$ cat upload_16.txt   # compact mmCIF, C-alpha atoms
# COMPACT_ATOMS: atom_id res chain seq x y z
CA PHE A 17 10.72 -22.05 -16.07
CA LEU A 18 11.60 -19.19 -18.42
CA GLU A 19 12.45 -19.85 -22.05
CA ILE A 20 14.51 -17.39 -24.09
CA CYS A 21 13.66 -16.78 -27.74
CA GLU A 22 14.49 -14.13 -30.32
CA ALA A 23 11.63 -12.04 -31.69
CA LYS A 24 12.05 -8.86 -33.70
CA LYS A 25 15.70 -8.68 -32.54
CA LYS A 26 14.60 -8.30 -28.91
CA LYS A 27 15.13 -10.82 -26.16
CA MET A 28 11.69 -12.20 -25.36
CA TYR A 29 10.58 -14.76 -22.78
CA ASN A 30 8.02 -17.51 -22.60
CA GLY A 31 7.15 -18.92 -19.24
CA ARG A 32 5.55 -18.60 -15.85
CA ILE A 33 5.87 -15.25 -14.08
CA SER A 34 5.00 -14.73 -10.41
CA ILE A 35 4.83 -11.22 -8.98
CA ILE A 36 4.24 -10.29 -5.34
CA ILE A 37 3.43 -6.67 -4.51
CA LEU A 38 4.11 -6.25 -0.80
CA ASN A 39 4.25 -2.59 0.22
CA ALA A 40 5.75 0.83 -0.40
CA SER A 41 7.36 3.36 1.90
CA LYS A 42 8.06 7.06 1.75
CA LEU A 43 5.80 7.72 -1.23
CA PRO A 44 5.99 11.36 -2.31
CA GLU A 45 2.98 13.53 -1.50
CA LYS A 46 0.88 14.44 -4.53
CA ASN A 47 -2.22 16.64 -4.45
CA GLY A 48 -3.34 15.90 -0.89
CA MET A 49 -2.55 12.16 -1.21
CA GLN A 50 -5.31 9.65 -1.27
CA GLN A 51 -5.05 5.90 -0.98
CA ALA A 52 -2.65 4.34 -3.49
CA TYR A 53 -2.69 1.21 -5.66
CA VAL A 54 -0.20 -0.49 -7.99
CA GLN A 55 -0.77 -1.29 -11.64
CA VAL A 56 1.48 -4.01 -13.04
CA LYS A 57 1.93 -4.49 -16.78
CA VAL A 58 3.94 -6.97 -18.79
CA ASP A 59 4.88 -5.01 -21.88
CA ASN A 60 1.59 -3.13 -22.47
CA GLN A 61 -0.82 -5.68 -20.96
CA GLU A 62 -2.15 -5.12 -17.45
CA VAL A 63 -1.73 -8.25 -15.33
CA LEU A 64 -2.53 -6.84 -11.87
CA LYS A 65 -4.22 -3.84 -10.29
CA THR A 66 -3.98 -4.04 -6.51
CA LYS A 67 -6.59 -2.84 -4.06
CA THR A 68 -5.86 0.54 -2.53
CA GLY A 69 -3.58 0.58 0.50
CA LYS A 70 -4.96 2.25 3.64
CA ASP A 71 -1.88 4.34 4.51
CA PRO A 72 -1.24 6.89 1.73
CA PHE A 73 2.52 7.15 2.43
CA CYS A 74 3.37 3.55 3.43
CA PRO A 75 0.64 1.35 1.88
CA VAL A 76 0.56 -2.43 2.30
CA TRP A 77 -0.94 -4.47 -0.53
CA ASP A 78 0.40 -8.04 -0.12
CA GLU A 79 -1.08 -9.23 -3.44
CA THR A 80 0.19 -11.88 -5.83
CA VAL A 81 -0.33 -12.61 -9.50
CA ASP A 82 0.89 -15.77 -11.22
CA PHE A 83 0.55 -16.27 -14.98
CA TYR A 84 2.11 -17.68 -18.14
CA LYS A 85 3.27 -15.16 -20.73
CA GLU A 86 4.71 -15.57 -24.22
CA ASN A 87 7.04 -13.05 -25.85
CA ALA A 88 7.45 -10.98 -22.68
CA ASN A 89 10.11 -8.29 -22.51
CA MET A 90 9.46 -5.68 -19.77
CA LEU A 91 7.70 -5.45 -16.42
CA HIS A 92 6.17 -2.05 -15.61
CA PHE A 93 5.05 -1.01 -12.12
CA THR A 94 3.12 2.22 -11.57
CA VAL A 95 1.72 3.54 -8.28
CA PHE A 96 -1.37 5.73 -8.60
CA THR A 97 -3.68 7.44 -6.13
CA ASP A 98 -7.23 6.15 -6.31
CA ASP A 99 -8.23 9.11 -8.50
CA LYS A 100 -5.66 7.90 -11.12
CA VAL A 101 -4.79 11.46 -12.15
CA ASP A 102 -1.01 11.23 -11.95
CA ALA A 103 1.47 8.48 -11.26
CA ILE A 104 3.13 8.75 -7.82
CA ALA A 105 5.97 6.39 -8.67
CA GLU A 106 7.05 4.22 -11.61
CA CYS A 107 9.56 1.46 -12.25
CA SER A 108 10.33 -0.74 -15.26
CA LEU A 109 12.39 -3.93 -15.24
CA SER A 110 13.84 -5.81 -18.15
CA LEU A 111 13.07 -9.52 -17.90
CA SER A 112 16.55 -10.31 -19.28
CA ASP A 113 18.15 -8.27 -16.45
CA LEU A 114 15.87 -9.90 -13.87
CA LEU A 115 16.68 -13.39 -15.16
CA ARG A 116 20.41 -12.66 -15.08
CA GLU A 117 20.17 -11.32 -11.52
CA GLN A 118 18.14 -14.22 -10.16
CA THR A 119 19.79 -17.12 -11.99
CA GLY A 120 23.19 -15.88 -13.12
CA ILE A 121 22.32 -16.70 -16.74
CA LYS A 122 23.82 -14.12 -19.09
CA VAL A 123 21.64 -13.37 -22.08
CA THR A 124 23.55 -12.21 -25.15
$ encode --input "upload_16.txt" --output "structure tokens"
Amino acid sequence: FLEICEAKKKKMYNGRISIIILNASKLPEKNGMQQAYVQVKVDNQEVLKTKTGKDPFCPVWDETVDFYKENANMLHFTVFTDDKVDAIAECSLSLSDLLREQTGIKVT
């Protein structure tokens, strides 16, 4: 269940969000590579920080987070080494794009 509402002229969502972080492959080498973990944020709030994966280049996390969020807009995924100096990889997803892709609902 994901409810669409307007807030500050941005498309925002209220509802249950489930995120599964499975694994990564072919991570770029950074500073001698240590074990990596994923930080997941909804907008600017951290909702998950995985344990570190054992393989620095193809880590497996297999972790899930399930929560209810109001006024959500963006999902942010960042992969760090366990020293958290620099991000190895980053990705952001718009919840409106994700909803459209998974359900076919066009948000205008």
$ residues_around --input "upload_16.txt" --residues "stretch 30-39 of chain A" --least-positions-apart "2" --cutoff "12 Å" --atoms "all atoms listed in the file" --output "ChimeraX atom specification"
/A:17-23,27-28,41-43,52-58,63-95,111-112,114-115
$ atom_distance --input "upload_16.txt" --atom1 "atom CA of A:Ser110" --atom2 "atom CA of A:Gln51"
28.1 Å
$ atom_distance --input "upload_16.txt" --atom1 "atom CA of A:Thr119" --atom2 "atom CA of A:Ala40"
25.6 Å
$ atom_distance --input "upload_16.txt" --atom1 "atom CA of A:Asp59" --atom2 "atom CA of A:Cys107"
12.5 Å
